[in-house]
Amino acid sequence: MTTLYWIRDDLRLHDNPALTWAASRGEVIACVLDEPAYPGSRPLGSATAWWRDRSLSRLAANLASYNVPLYRLNGDARSVLPAFAATHKVSAVCWNRRYHLSTIDATAKDTLLAQGLEAHSFAAHCLVEPHAVKPFKVYSAFARAARAVLQDTMQPALGVPDLHGPGAIAWEELPSPGWAASLAEYWTPGEKAARDRLASLDLSDYDKGRDFPARPATSRLSPHLRWGEVSAREVWQFASALPTDASSFHSELLWRDFAWHRLYHVPDLATEPVREKFRNFDWYWDGGGIDTSGKDSRPHPLPELQAWRTGETGIPLVDAGMRELWQTGYMHNRVRMVVGSFLTKNLGIHWRHGEEWFWDTLVDADPASNPFNWQWVAGCGDDASPFFRIFNPQLQASKFDPDGTYVRQWAPPLSPPPIVDLKESRQAALDAYQEIR
Ligand code: FAD
């Protein structure tokens with residue numbers, strides 16, 4: 001009996017419920033699907049596309065060591081998957097669930113069942129599946145409910161299953177674009193690197209140090225979690241076993257779950273403000289859209305937006321963050337909040353422009369956390385930072401980068417004059433907010 005395992009955002013062998021189920025039935029073959037942008041979804045950004053392909057190559061090699069072939073397919077899951085399953089005479093198809101394209105998966109499942117095949121999906125991406133608790137709009141209430149579910153239901157992480165397949169096939173890695181050379185200096189995609197990073201997780205400075213961008217206090221696991229190279233469950237359990245208290249780290253993992261929970265209930269999170277009154281807020285918006293065929297360096301018609309993207313605003317902490325992002329595909333969380341506040345409040349530019357830029361350039365960009373956090377920063381999301389909380393990037397720098405280490409590492413040595421007056425633009429943002437209140 002051969003089972004087809006459909007790989008999505010779960011590029012790992014460890015703690016993989018769908019793969020474990022497939023292995024328990026006999027021979028396994030695996031496929032990955034380059035899907036079109038369905039209504040309501042969009043193509044991967046350039047940095048995540050780069051990551052996914054490098055990670056897939058490593059997964060293909062790992063599967064090949066068990067004689068499991070990995071096929072690269074192209075097209076709509078609803079038709080391609082059933083056709084492939086029929087051609088390869090499999091008796092069952094399985095996958096780990098995702099929470100933003102559930103109708104596509106449901107249709108694919110129905111078609112497979114109608115063909116007389118077994119089709120099963122499993123929980124693997126979140127700690128608590130979005131539908132396992134009632135809908136919450138406030139993080140603290142969600143986290144309480146999620147922790148209760150976890151306490152009752154969490155199982156030990158699974159090991160690598162006893163896999164075998166009919167024989168590996170050649171896997172061709174897509175060429176790495178030239179701009180990605182700098183990403184490769186900072187990151188190694190793939191399950192091994194994810195597990196190495198987890199093994200070196202040290203939370204001893206997490207509580208005090210995680211807001212300081214120059215301190216190596218956080219895990220840097222986000223792109224590995226994004227692609228499921230390690231499971232959130234395994235990360236949670238590993239952190240629990242450390243000698244230091246893991247509760248604030250666990251809370252951050254639950255923010256990730258909360259973002260998926262919100263996306264599950266609000267599918268247009270990336271395009272519509274969750275809070276109604278922000279629909280007519282006077283943000284600058286030019287229709288958006290980034291050329292996802294490669295990193296987009298076209299000049300933008302709005303010079304302030306272009307200066308923000310390229311780290312030339314003359315505000316050192318903002319410029320440092322935007323340059324760290326461009327160079328490494330990552331930006332420290334505190335600085336993400338600062339550059340987001342600066343874009344949406346001091347520059348008055350629509351949060352969607354920021355979200356789209358991050359979507360294209362972050363190696364950890366995901367369909368839930370990115371729009372969720374942008375709406376949080378802009379003040380228009382659920383349980384968001386209030387609009388009137390406008391980060392002052394100079395105060396933030398003196399508090400969280402007091403000796404300037406982070407700014408010196410990333411910002412240009414000679415800062416251009418600021419493109420905006422922080423005090424006046426803050427007042428203008430507050431006045432605009434008064435109008436919609
Ligand atoms: P750690 O502090 O070590 O946290 C552990 C894990 O918890 C992270 O790897 C991540 O999976 C999760 N996590 C932590 N903070 C958050 C959060 N606020 N929301 C959701 N999950 C969180 N994170 C993404 O993974 N993808 C995104 O596209 C993304 N976009 C963001 C956009 C903005 C404007 C902001 C302010 C934040 C965004 N974040 C996003 C959240 C956060 O900045 C990153 O998860 C974090 O910086 C990753 O670094 P780390 O792995 O060292 O985090």
# chains A, B, ... in the order shown; residues from 1 in each chain; ligands from 1
>>> residues_near_ligand(ligand="ligand 1", cutoff="6 Å", atoms="only C-alpha atoms and all ligand atoms", output="mmCIF file with C-alpha atoms, in the first residue's frame")
data_model
loop_
_atom_site.group_PDB
_atom_site.id
_atom_site.type_symbol
_atom_site.label_atom_id
_atom_site.label_comp_id
_atom_site.auth_asym_id
_atom_site.auth_seq_id
_atom_site.Cartn_x
_atom_site.Cartn_y
_atom_site.Cartn_z
ATOM 1 C CA THR A 218 15.870 35.725 21.378
ATOM 2 C CA SER A 219 15.711 32.362 19.635
ATOM 3 C CA ARG A 220 15.823 33.402 15.945
ATOM 4 C CA LEU A 221 13.676 30.368 15.283
ATOM 5 C CA SER A 222 11.009 32.318 13.375
ATOM 6 C CA LEU A 225 8.927 27.753 12.555
ATOM 7 C CA GLU A 252 5.534 34.548 22.350
ATOM 8 C CA LEU A 253 4.856 31.144 20.810
ATOM 9 C CA TRP A 255 1.236 35.052 19.934
ATOM 10 C CA ARG A 256 2.072 33.037 16.840
ATOM 11 C CA HIS A 332 14.505 42.315 15.561
ATOM 12 C CA ASN A 333 10.957 42.450 16.955
ATOM 13 C CA ARG A 336 9.867 45.953 13.625
ATOM 14 C CA MET A 337 7.503 47.781 15.965
ATOM 15 C CA GLY A 340 6.057 50.057 11.633
ATOM 16 C CA ASP A 364 9.876 34.514 8.307
ATOM 17 C CA ALA A 365 6.968 36.302 6.538
ATOM 18 C CA ASP A 366 3.839 34.285 7.051
ATOM 19 C CA SER A 369 1.862 36.824 11.790
ATOM 20 C CA ASN A 370 2.778 39.484 9.243
ATOM 21 C CA ASN A 373 1.404 42.353 13.600
ATOM 22 C CA TRP A 374 1.085 45.158 11.059
#
>>> residues_around(residues="segment 348-363 of chain A", least_positions_apart="5", cutoff="9 Å", atoms="only C-alpha atoms", output="PyMOL selection string")
chain A and resi 44-51+183+222-223+226+270-272+282-292+294-296+304-305+309+325-326+328-331+339-340+342-343+370-371+373-375+377-378+425+428-429
>>> closest_residue(among="A:Leu33, A:Val90, A:Ile7, A:Leu203", to="Asp76 of chain A", atoms="only C-alpha atoms")
A:Leu33
>>> closest_residue(among="A:Gly209, A:Pro413, A:Gly167, A:Gly404", to="Ser65 of chain A", atoms="only C-alpha atoms")
A:Gly167
